[in-house]
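Each remark here refers to the structure printed beneath this line.
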Amino acid sequence: MPGYFAADGNAAETGAAAGNKWRVHFVPDAPGRWHYRVSFRAGPDVAVNPDPAAGRPLPPDGESGAFTVAPTDKTGRDHRAHGMLRYVGEHYPRFAGSGEYFIMVGTQSPENFLAYHEFDNTVDHLGAERKRMPHPDGLHHYEPHLKDWRPGDPTWRGGRGKAIIGALNYLAAKGMNTFYTLTMNVNGDGRDIYPWISYYERARYDVSKLDQWEIVLSHADRLGLQIILVTQEEEGEQLLGKMSAIRKLYYRELIARFAHHHALIWEIGEEIDRWRYFTTQDVKDICNSIKALDPYRHPIQYVQWKAELIPDEKTYGRLLGFPNFDAVGMQHDPENTHSETLKWRKASARAGHPWLVGLVEMNPGIVPDERDYWHDAARKRSIWGNLMAGGFGVIFYFIDSHDDLNCEDFRSRDHLFDLMRYAHEFFTRYLPFHRMQPRDDLTPLAGDYVFAGEGEVYAIYLPDGGAVELDLTKVRGRFEVKWYDPRHGGDLQEGTVRTVEGGGLRSLGQPPGEPNRDWAALVRHVERKER
């Protein structure tokens, strides 16, 4: 477990930059007696030298001890009730404790979520006017979410942080389980996030600011929110060189401070394939470095740049089969989401290292509810398009007001989050999704999506409604037919056909109402369902 300098041990409250405290975060994966031994060394570049004998020992080097870990007493969404969320060689991650599989829904915006005015030494270097920020300091205030803070929630320095904590509370209350933030955007779009003591420093880390980030990220754990930490933008991808000492130190500091969070994805770059400054080997070197340092081996991904415009071998195709790259954060027009999810799911499985295939950014982005209440393209082609292809889930990029840099109020997309939650609930309540496969070939209707556990359960999504037939030729038995409303969620409903028999191509009839709107049919084997 890598450790880090913690100043006086309470820097989030005191703002201290000096002291004699060092800290290590440890999350046990089992109750019982645990033993530890301390390595504490000094010397040139010792922080980025993988040799455990590098440098010279200083007290408390060599100290050892033991402590007892009790079983968790946490419940509900709290990640501490479920254990570490891990990549397990499948298309969905799984919690190590509860064994539950995970589908993500949430937000990619604002990408500069941590550019919050009540964090220490947080300064905008771009300009409030250029970002269309409502406050002259050019930083997030999240004032609409002050009302979402609850007594007992964390703060720092006499009550700071209520609005950003409230923003996370709101996302969790809407059923979202993922949010996305840069940890550094020097020279990037926002120019307001960096872990160092100044915009131009690269080796000295701001202890109090990072401790305050930790308060917010720990609250995300308690709320059941996965964190996607984005380590660089394409505009600043050359800032730290390739595998320079300063880049290695950056990864080490992030891992030491934040790798203990239960549900976390390391995103090594946003659109790093756009200009292809990083070769395939450079990308592999970054992945190898992070995996070697991260004791919890969290998944690693990057966001591609409009892969429709780049040959496959220049984007994710160059990493197929590579064991230390685990997830893809696609950026696509909505009509391409389903086919691209299918492509990378199948290609990665064939290569022997199945990927988590998620959609991170739908082009051109999501406008506020007041301009597009039903978000038809996002709902039909992106949310359901990804999930019905066996995707890992969807988060969205915002445009127009409350956009990717200046979003102050998540309620601007309140109904979008409802639509995402309805899809998530369908998959997690009614489907053994981790055992199912995309099988669009099982219906003759063009344009619908099929997700199947053959002989057991079938989900059929009809983007434009209508009647549908399902090929049950190879299976036997009786199957019940239910319908789910992707626009309103709720319970399963009866349509015009209640049961069908295996052994042929069977009509599933019509949905309960509004036959020209999108519906999802659920077809389950009666005997297997009862067992």
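Letters A, B, ... go to the chains of the structure tokens in the order shown; residues in each chain start at 1; ligands are counted from 1 in the same order.
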
Using DSSP secondary structure from the backbone, list all strand (DSSP E) positions within region 128-327 of chain A, as a PyMOL selection string.
chain A and resi 178-182+226-230+264-270+300-303+327

Just the residues within 8 Å of Pro486 (chain A), please, counting only C-alpha atoms, with nothing from its chain fewer than 4 positions along; format it as an NGL selection string.
:A and (419 or 422-423 or 518-520)

Nearest candidate to Gln226 (chain A) (options A:Trp483, A:Tyr373, A:Tyr87, A:Phe102; using only C-alpha atoms):
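Once distances to Gln226 (chain A) are computed over only C-alpha atoms, the minimum belongs to A:Phe102.
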
Within 10 Å of Ser348 (chain A), counting only C-alpha atoms, which residues show up once you throw out same-chain ones fewer than 4 positions away? Write them as a PyMOL selection string, please.
chain A and resi 91+316-317+319-322+326-327+343-344+352-357

Restricted to N, CA and C atoms, what would the selected residues look like written as a PDB file, in the first residue's frame?
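Saved the output as part21.pdb:
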```pdb
ATOM      1  N   HIS A  91     -17.754  -9.047 -18.587  1.00  0.00           N
ATOM      2  CA  HIS A  91     -18.167  -7.770 -19.165  1.00  0.00           C
ATOM      3  C   HIS A  91     -18.832  -6.843 -18.147  1.00  0.00           C
ATOM      4  N   TYR A 316      -9.209   1.431 -29.836  1.00  0.00           N
ATOM      5  CA  TYR A 316      -9.151   0.323 -28.886  1.00  0.00           C
ATOM      6  C   TYR A 316      -8.594  -0.965 -29.480  1.00  0.00           C
ATOM      7  N   GLY A 317      -8.694  -1.105 -30.789  1.00  0.00           N
ATOM      8  CA  GLY A 317      -8.228  -2.342 -31.414  1.00  0.00           C
ATOM      9  C   GLY A 317      -6.782  -2.663 -31.110  1.00  0.00           C
ATOM     10  N   LEU A 319      -5.339  -2.487 -28.373  1.00  0.00           N
ATOM     11  CA  LEU A 319      -5.179  -2.993 -27.008  1.00  0.00           C
ATOM     12  C   LEU A 319      -5.926  -4.298 -26.762  1.00  0.00           C
ATOM     13  N   LEU A 320      -6.542  -4.862 -27.785  1.00  0.00           N
ATOM     14  CA  LEU A 320      -7.267  -6.124 -27.601  1.00  0.00           C
ATOM     15  C   LEU A 320      -6.334  -7.200 -27.058  1.00  0.00           C
ATOM     16  N   GLY A 321      -6.787  -7.886 -26.005  1.00  0.00           N
ATOM     17  CA  GLY A 321      -6.016  -8.956 -25.406  1.00  0.00           C
ATOM     18  C   GLY A 321      -4.980  -8.505 -24.404  1.00  0.00           C
ATOM     19  N   PHE A 322      -4.735  -7.193 -24.291  1.00  0.00           N
ATOM     20  CA  PHE A 322      -3.745  -6.685 -23.341  1.00  0.00           C
ATOM     21  C   PHE A 322      -4.333  -6.771 -21.928  1.00  0.00           C
ATOM     22  N   ASP A 326      -8.875  -2.589 -19.214  1.00  0.00           N
ATOM     23  CA  ASP A 326     -10.068  -3.355 -18.851  1.00  0.00           C
ATOM     24  C   ASP A 326     -11.394  -2.778 -19.326  1.00  0.00           C
ATOM     25  N   ALA A 327     -11.427  -1.512 -19.730  1.00  0.00           N
ATOM     26  CA  ALA A 327     -12.717  -0.875 -19.998  1.00  0.00           C
ATOM     27  C   ALA A 327     -12.581   0.146 -21.121  1.00  0.00           C
ATOM     28  N   LYS A 343     -19.566  -4.560 -31.066  1.00  0.00           N
ATOM     29  CA  LYS A 343     -18.257  -4.804 -31.679  1.00  0.00           C
ATOM     30  C   LYS A 343     -17.178  -5.018 -30.632  1.00  0.00           C
ATOM     31  N   TRP A 344     -17.078  -4.094 -29.667  1.00  0.00           N
ATOM     32  CA  TRP A 344     -15.993  -4.189 -28.702  1.00  0.00           C
ATOM     33  C   TRP A 344     -16.232  -5.270 -27.663  1.00  0.00           C
ATOM     34  N   GLY A 352      -9.660 -12.739 -25.474  1.00  0.00           N
ATOM     35  CA  GLY A 352      -9.341 -13.387 -24.209  1.00  0.00           C
ATOM     36  C   GLY A 352      -9.321 -12.485 -22.996  1.00  0.00           C
ATOM     37  N   HIS A 353      -9.634 -11.190 -23.155  1.00  0.00           N
ATOM     38  CA  HIS A 353      -9.692 -10.270 -22.022  1.00  0.00           C
ATOM     39  C   HIS A 353     -10.940  -9.408 -22.195  1.00  0.00           C
ATOM     40  N   PRO A 354     -12.120  -9.915 -21.763  1.00  0.00           N
ATOM     41  CA  PRO A 354     -13.380  -9.194 -21.996  1.00  0.00           C
ATOM     42  C   PRO A 354     -13.376  -7.818 -21.337  1.00  0.00           C
ATOM     43  N   TRP A 355     -13.849  -6.837 -22.089  1.00  0.00           N
ATOM     44  CA  TRP A 355     -13.862  -5.461 -21.594  1.00  0.00           C
ATOM     45  C   TRP A 355     -15.214  -5.075 -21.006  1.00  0.00           C
ATOM     46  N   LEU A 356     -15.173  -4.108 -20.095  1.00  0.00           N
ATOM     47  CA  LEU A 356     -16.360  -3.378 -19.675  1.00  0.00           C
ATOM     48  C   LEU A 356     -16.592  -2.325 -20.751  1.00  0.00           C
ATOM     49  N   VAL A 357     -17.706  -2.427 -21.459  1.00  0.00           N
ATOM     50  CA  VAL A 357     -17.932  -1.552 -22.615  1.00  0.00           C
ATOM     51  C   VAL A 357     -18.992  -0.521 -22.235  1.00  0.00           C
TER      52      VAL A 357
END
```

Counting only C-alpha atoms, the residue among A:Arg56, A:His262, A:Lys482, A:His79 that lies closest to Thr496 (chain A) is A:Lys482

Quick one, how far is CA of Leu126 (chain A) from CA of Leu405 (chain A)?
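Result for CA of Leu126 (chain A) versus CA of Leu405 (chain A): 11.2 Å, one decimal.
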
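Within the 7 Å cut-off around Val457 (chain A), using only C-alpha atoms and omitting residues fewer than 5 positions from it on the same chain, the listed residues are Ala452, Val523, Arg524 and His525 of chain A.
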
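Distance check against Leu470 (chain A) using only C-alpha atoms: of A:Phe451, A:Trp213, A:Trp196, A:Phe258, the minimum falls on A:Phe451.
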
Counting only C-alpha atoms, the residue of A:Gly241, A:Pro364, A:Gly83, A:Gly138 that sits nearest Gly224 (chain A):
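Going through A:Gly241, A:Pro364, A:Gly83, A:Gly138 one by one, the smallest distance to Gly224 (chain A) is for A:Gly83.
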
Leaving out Arg506 (chain A) and any residue of its chain fewer than 3 positions from it, which residues lie within 12 Å of it when counting only C-alpha atoms, given as a VMD selection string?
chain A and resid 442 to 444 467 to 473 475 478 to 481 497 to 503 509 523

Go through A:Thr315, A:Pro28, A:Glu237, A:Pro50 one by one, measure the shortest atom-to-atom distance of each to Thr280 (chain A) using only C-alpha atoms, and give the residue with the smallest value.
A:Thr315

Assign secondary structure with DSSP using the backbone only, and return the residues of region 238-298 of chain A in helix (DSSP H, G or I) as a VMD selection string.
chain A and resid 245 to 258 280 to 293

For the selection you just gave me, I'd like the residues written to a file as a short mmCIF file (atom, residue, chain, number, x, y, z; two decimals), in the first residue's frame, keeping N, CA, C and O atoms.
```cif
data_model
loop_
_atom_site.label_atom_id
_atom_site.label_comp_id
_atom_site.auth_asym_id
_atom_site.auth_seq_id
_atom_site.Cartn_x
_atom_site.Cartn_y
_atom_site.Cartn_z
N ALA A 245 9.72 10.66 -14.66
CA ALA A 245 9.64 10.56 -13.21
C ALA A 245 8.46 11.36 -12.68
O ALA A 245 7.78 10.94 -11.74
N ILE A 246 8.19 12.52 -13.28
CA ILE A 246 7.12 13.37 -12.79
C ILE A 246 5.74 12.74 -13.07
O ILE A 246 4.81 12.89 -12.29
N ARG A 247 5.61 12.02 -14.20
CA ARG A 247 4.36 11.30 -14.47
C ARG A 247 4.20 10.13 -13.50
O ARG A 247 3.10 9.89 -12.98
N LYS A 248 5.27 9.40 -13.25
CA LYS A 248 5.19 8.27 -12.31
C LYS A 248 4.80 8.77 -10.92
O LYS A 248 4.01 8.13 -10.22
N LEU A 249 5.35 9.92 -10.54
CA LEU A 249 5.00 10.48 -9.24
C LEU A 249 3.53 10.87 -9.18
O LEU A 249 2.86 10.67 -8.15
N TYR A 250 3.02 11.40 -10.27
CA TYR A 250 1.60 11.78 -10.34
C TYR A 250 0.71 10.57 -10.10
O TYR A 250 -0.22 10.61 -9.29
N TYR A 251 0.97 9.47 -10.80
CA TYR A 251 0.16 8.28 -10.60
C TYR A 251 0.31 7.74 -9.19
O TYR A 251 -0.67 7.31 -8.56
N ARG A 252 1.54 7.77 -8.67
CA ARG A 252 1.74 7.24 -7.32
C ARG A 252 0.94 8.04 -6.30
O ARG A 252 0.33 7.48 -5.39
N GLU A 253 0.93 9.36 -6.44
CA GLU A 253 0.22 10.20 -5.48
C GLU A 253 -1.29 9.96 -5.56
O GLU A 253 -1.98 9.85 -4.53
N LEU A 254 -1.82 9.86 -6.77
CA LEU A 254 -3.25 9.60 -6.92
C LEU A 254 -3.61 8.23 -6.34
O LEU A 254 -4.65 8.08 -5.67
N ILE A 255 -2.80 7.24 -6.60
CA ILE A 255 -3.08 5.89 -6.12
C ILE A 255 -2.98 5.83 -4.60
O ILE A 255 -3.85 5.25 -3.92
N ALA A 256 -1.93 6.45 -4.03
CA ALA A 256 -1.78 6.43 -2.59
C ALA A 256 -2.96 7.08 -1.89
O ALA A 256 -3.42 6.62 -0.84
N ARG A 257 -3.47 8.15 -2.47
CA ARG A 257 -4.54 8.90 -1.82
C ARG A 257 -5.94 8.36 -2.10
O ARG A 257 -6.82 8.45 -1.24
N PHE A 258 -6.16 7.80 -3.29
CA PHE A 258 -7.54 7.54 -3.69
C PHE A 258 -7.85 6.10 -4.12
O PHE A 258 -9.01 5.76 -4.34
N THR A 280 1.05 2.91 -28.98
CA THR A 280 0.45 1.76 -28.31
C THR A 280 1.29 1.34 -27.11
O THR A 280 0.76 1.06 -26.03
N GLN A 281 2.60 1.33 -27.27
CA GLN A 281 3.46 0.92 -26.16
C GLN A 281 3.41 1.93 -25.02
O GLN A 281 3.46 1.55 -23.84
N ASP A 282 3.31 3.22 -25.36
CA ASP A 282 3.17 4.23 -24.30
C ASP A 282 1.93 3.99 -23.47
O ASP A 282 1.96 4.08 -22.23
N VAL A 283 0.81 3.69 -24.13
CA VAL A 283 -0.43 3.43 -23.41
C VAL A 283 -0.27 2.20 -22.53
O VAL A 283 -0.70 2.18 -21.36
N LYS A 284 0.35 1.16 -23.06
CA LYS A 284 0.58 -0.05 -22.27
C LYS A 284 1.49 0.23 -21.08
O LYS A 284 1.27 -0.29 -19.97
N ASP A 285 2.49 1.07 -21.28
CA ASP A 285 3.40 1.40 -20.17
C ASP A 285 2.65 2.12 -19.05
O ASP A 285 2.88 1.86 -17.86
N ILE A 286 1.74 3.03 -19.42
CA ILE A 286 0.94 3.73 -18.41
C ILE A 286 0.07 2.73 -17.65
O ILE A 286 -0.01 2.75 -16.41
N CYS A 287 -0.60 1.86 -18.37
CA CYS A 287 -1.46 0.86 -17.73
C CYS A 287 -0.65 -0.05 -16.81
O CYS A 287 -1.07 -0.35 -15.67
N ASN A 288 0.50 -0.49 -17.28
CA ASN A 288 1.35 -1.37 -16.46
C ASN A 288 1.80 -0.67 -15.19
O ASN A 288 1.84 -1.28 -14.11
N SER A 289 2.15 0.61 -15.31
CA SER A 289 2.60 1.36 -14.15
C SER A 289 1.51 1.50 -13.10
O SER A 289 1.74 1.29 -11.90
N ILE A 290 0.30 1.82 -13.54
CA ILE A 290 -0.81 1.97 -12.60
C ILE A 290 -1.16 0.64 -11.95
O ILE A 290 -1.35 0.57 -10.72
N LYS A 291 -1.25 -0.42 -12.74
CA LYS A 291 -1.60 -1.73 -12.16
C LYS A 291 -0.55 -2.21 -11.17
O LYS A 291 -0.87 -2.85 -10.17
N ALA A 292 0.73 -1.90 -11.43
CA ALA A 292 1.79 -2.32 -10.52
C ALA A 292 1.71 -1.59 -9.18
O ALA A 292 2.07 -2.14 -8.13
N LEU A 293 1.23 -0.34 -9.21
CA LEU A 293 1.15 0.47 -7.99
C LEU A 293 -0.16 0.27 -7.22
O LEU A 293 -0.17 0.35 -6.00
#
```

For Ala11 (chain A), work out the shell of residues within 12 Å, counting only C-alpha atoms and skipping chain neighbours fewer than 5 positions away, then give it as a compact mmCIF listing (two decimals) with all heavy atoms, in the first residue's frame.
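After the write, out_8.txt holds the following:
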```txt
# COMPACT_ATOMS: atom_id res chain seq x y z
N PHE A 5 2.53 11.90 2.19
CA PHE A 5 2.75 12.92 3.21
C PHE A 5 1.44 13.58 3.57
O PHE A 5 0.71 14.05 2.70
CB PHE A 5 3.75 13.96 2.69
CG PHE A 5 3.99 15.10 3.63
CD1 PHE A 5 4.50 14.87 4.91
CD2 PHE A 5 3.71 16.40 3.25
CE1 PHE A 5 4.72 15.93 5.78
CE2 PHE A 5 3.93 17.47 4.11
CZ PHE A 5 4.44 17.23 5.38
N ALA A 6 1.11 13.63 4.87
CA ALA A 6 -0.17 14.16 5.34
C ALA A 6 -0.02 15.41 6.19
O ALA A 6 -0.95 15.77 6.92
CB ALA A 6 -0.91 13.08 6.12
N ALA A 16 -2.73 22.96 6.79
CA ALA A 16 -1.30 22.79 7.02
C ALA A 16 -0.59 22.32 5.76
O ALA A 16 -1.10 21.51 4.99
CB ALA A 16 -1.06 21.79 8.15
N ALA A 17 0.63 22.81 5.57
CA ALA A 17 1.51 22.37 4.49
C ALA A 17 2.77 21.72 5.04
O ALA A 17 3.62 21.27 4.27
CB ALA A 17 1.89 23.55 3.60
N ALA A 18 2.93 21.68 6.36
CA ALA A 18 4.11 21.09 6.98
C ALA A 18 3.66 20.23 8.16
O ALA A 18 2.57 20.39 8.69
CB ALA A 18 5.06 22.19 7.46
N GLY A 19 4.53 19.32 8.55
CA GLY A 19 4.24 18.43 9.67
C GLY A 19 5.06 17.17 9.57
O GLY A 19 5.95 17.05 8.72
N ASN A 20 4.75 16.21 10.42
CA ASN A 20 5.51 14.95 10.44
C ASN A 20 4.61 13.73 10.33
O ASN A 20 4.96 12.64 10.78
CB ASN A 20 6.37 14.87 11.70
CG ASN A 20 5.53 14.83 12.98
OD1 ASN A 20 4.30 14.97 12.93
ND2 ASN A 20 6.18 14.64 14.11
N LYS A 21 3.46 13.89 9.73
CA LYS A 21 2.51 12.78 9.61
C LYS A 21 2.52 12.21 8.18
O LYS A 21 2.57 12.95 7.20
CB LYS A 21 1.09 13.24 9.95
CG LYS A 21 0.93 13.78 11.36
CD LYS A 21 1.18 12.69 12.41
CE LYS A 21 0.78 13.16 13.81
NZ LYS A 21 1.61 14.29 14.30
N TRP A 22 2.46 10.88 8.11
CA TRP A 22 2.34 10.16 6.85
C TRP A 22 1.15 9.22 6.98
O TRP A 22 0.83 8.75 8.07
CB TRP A 22 3.63 9.40 6.53
CG TRP A 22 4.80 10.30 6.29
CD1 TRP A 22 5.48 11.01 7.24
CD2 TRP A 22 5.37 10.63 5.03
NE1 TRP A 22 6.46 11.76 6.64
CE2 TRP A 22 6.43 11.54 5.29
CE3 TRP A 22 5.12 10.23 3.72
CZ2 TRP A 22 7.22 12.07 4.27
CZ3 TRP A 22 5.92 10.76 2.71
CH2 TRP A 22 6.95 11.67 2.98
N ARG A 23 0.49 8.95 5.87
CA ARG A 23 -0.75 8.18 5.95
C ARG A 23 -0.77 7.11 4.87
O ARG A 23 -0.28 7.30 3.75
CB ARG A 23 -1.95 9.13 5.77
CG ARG A 23 -3.31 8.44 5.83
CD ARG A 23 -4.44 9.47 5.76
NE ARG A 23 -4.51 10.26 6.97
CZ ARG A 23 -4.58 11.59 7.01
NH1 ARG A 23 -4.59 12.28 5.88
NH2 ARG A 23 -4.64 12.24 8.16
N PHE A 119 -12.76 24.35 -1.90
CA PHE A 119 -11.52 23.61 -1.75
C PHE A 119 -10.37 24.62 -1.64
O PHE A 119 -10.33 25.62 -2.36
CB PHE A 119 -11.25 22.70 -2.95
CG PHE A 119 -12.14 21.50 -3.05
CD1 PHE A 119 -12.67 21.11 -4.28
CD2 PHE A 119 -12.43 20.72 -1.94
CE1 PHE A 119 -13.48 19.99 -4.39
CE2 PHE A 119 -13.24 19.60 -2.03
CZ PHE A 119 -13.76 19.23 -3.26
N ASP A 120 -9.40 24.31 -0.79
CA ASP A 120 -8.24 25.19 -0.64
C ASP A 120 -7.52 25.36 -1.98
O ASP A 120 -7.42 24.42 -2.77
CB ASP A 120 -7.26 24.61 0.39
CG ASP A 120 -7.76 24.73 1.81
OD1 ASP A 120 -8.81 25.36 2.03
OD2 ASP A 120 -7.10 24.18 2.73
N TRP A 156 -15.94 20.67 5.99
CA TRP A 156 -14.60 20.96 6.49
C TRP A 156 -14.52 22.45 6.80
O TRP A 156 -15.33 23.25 6.31
CB TRP A 156 -13.52 20.54 5.50
CG TRP A 156 -13.63 21.17 4.14
CD1 TRP A 156 -13.07 22.36 3.71
CD2 TRP A 156 -14.35 20.66 3.01
NE1 TRP A 156 -13.41 22.62 2.40
CE2 TRP A 156 -14.19 21.58 1.94
CE3 TRP A 156 -15.12 19.50 2.78
CZ2 TRP A 156 -14.76 21.39 0.69
CZ3 TRP A 156 -15.69 19.30 1.55
CH2 TRP A 156 -15.51 20.24 0.51
N ARG A 157 -13.58 22.80 7.65
CA ARG A 157 -13.31 24.19 8.00
C ARG A 157 -14.57 24.98 8.39
O ARG A 157 -14.90 26.00 7.79
CB ARG A 157 -12.58 24.89 6.87
CG ARG A 157 -11.15 24.41 6.69
CD ARG A 157 -10.32 25.52 6.11
NE ARG A 157 -8.93 25.14 6.02
CZ ARG A 157 -7.96 26.00 5.75
NH1 ARG A 157 -8.23 27.26 5.57
NH2 ARG A 157 -6.72 25.61 5.66
N ASP A 206 -0.56 19.60 -3.03
CA ASP A 206 -1.31 20.44 -2.09
C ASP A 206 -2.04 19.54 -1.10
O ASP A 206 -3.10 18.99 -1.41
CB ASP A 206 -2.29 21.32 -2.87
CG ASP A 206 -2.91 22.39 -2.01
OD1 ASP A 206 -3.28 22.09 -0.87
OD2 ASP A 206 -3.03 23.53 -2.48
N VAL A 207 -1.48 19.40 0.08
CA VAL A 207 -1.99 18.42 1.04
C VAL A 207 -3.40 18.74 1.50
O VAL A 207 -4.28 17.86 1.56
CB VAL A 207 -1.04 18.30 2.25
CG1 VAL A 207 -1.57 17.28 3.24
CG2 VAL A 207 0.36 17.90 1.78
N SER A 208 -3.68 20.00 1.83
CA SER A 208 -5.01 20.31 2.36
C SER A 208 -6.09 20.18 1.29
O SER A 208 -7.18 19.65 1.56
CB SER A 208 -5.02 21.72 2.97
OG SER A 208 -4.78 22.71 2.00
N LYS A 209 -5.81 20.65 0.06
CA LYS A 209 -6.80 20.50 -1.01
C LYS A 209 -7.10 19.03 -1.27
O LYS A 209 -8.27 18.64 -1.40
CB LYS A 209 -6.31 21.19 -2.28
CG LYS A 209 -7.24 20.97 -3.48
CD LYS A 209 -6.97 21.93 -4.62
CE LYS A 209 -5.59 21.84 -5.18
NZ LYS A 209 -5.40 22.76 -6.34
N LEU A 210 -6.06 18.21 -1.34
CA LEU A 210 -6.27 16.79 -1.63
C LEU A 210 -6.99 16.09 -0.49
O LEU A 210 -7.79 15.17 -0.71
CB LEU A 210 -4.93 16.12 -1.93
CG LEU A 210 -4.26 16.58 -3.22
CD1 LEU A 210 -2.89 15.95 -3.39
CD2 LEU A 210 -5.13 16.28 -4.44
N ASP A 211 -6.74 16.50 0.74
CA ASP A 211 -7.50 15.94 1.87
C ASP A 211 -8.98 16.33 1.78
O ASP A 211 -9.86 15.54 2.18
CB ASP A 211 -6.92 16.43 3.20
CG ASP A 211 -5.72 15.61 3.64
OD1 ASP A 211 -5.30 14.70 2.89
OD2 ASP A 211 -5.20 15.87 4.75
N GLN A 212 -9.26 17.51 1.27
CA GLN A 212 -10.65 17.91 1.10
C GLN A 212 -11.30 17.14 -0.05
O GLN A 212 -12.48 16.77 0.04
CB GLN A 212 -10.72 19.42 0.89
CG GLN A 212 -10.37 20.19 2.15
CD GLN A 212 -9.94 21.62 1.92
OE1 GLN A 212 -9.94 22.12 0.78
NE2 GLN A 212 -9.55 22.32 2.98
N TRP A 213 -10.57 16.91 -1.14
CA TRP A 213 -11.08 16.00 -2.18
C TRP A 213 -11.45 14.67 -1.56
O TRP A 213 -12.50 14.09 -1.88
CB TRP A 213 -10.02 15.78 -3.26
CG TRP A 213 -9.73 16.91 -4.18
CD1 TRP A 213 -10.17 18.20 -4.08
CD2 TRP A 213 -8.92 16.85 -5.34
NE1 TRP A 213 -9.66 18.96 -5.12
CE2 TRP A 213 -8.89 18.15 -5.91
CE3 TRP A 213 -8.19 15.84 -5.96
CZ2 TRP A 213 -8.17 18.45 -7.08
CZ3 TRP A 213 -7.47 16.13 -7.12
CH2 TRP A 213 -7.47 17.42 -7.67
N GLU A 214 -10.58 14.18 -0.67
CA GLU A 214 -10.82 12.86 -0.06
C GLU A 214 -12.11 12.83 0.75
O GLU A 214 -12.84 11.83 0.75
CB GLU A 214 -9.62 12.49 0.82
CG GLU A 214 -9.81 11.27 1.71
CD GLU A 214 -10.10 10.00 0.95
OE1 GLU A 214 -9.79 9.91 -0.26
OE2 GLU A 214 -10.66 9.07 1.57
N ILE A 215 -12.45 13.92 1.42
CA ILE A 215 -13.72 13.97 2.16
C ILE A 215 -14.89 13.75 1.21
O ILE A 215 -15.83 12.99 1.50
CB ILE A 215 -13.84 15.32 2.89
CG1 ILE A 215 -12.84 15.40 4.05
CG2 ILE A 215 -15.26 15.53 3.41
CD1 ILE A 215 -12.73 16.78 4.69
```
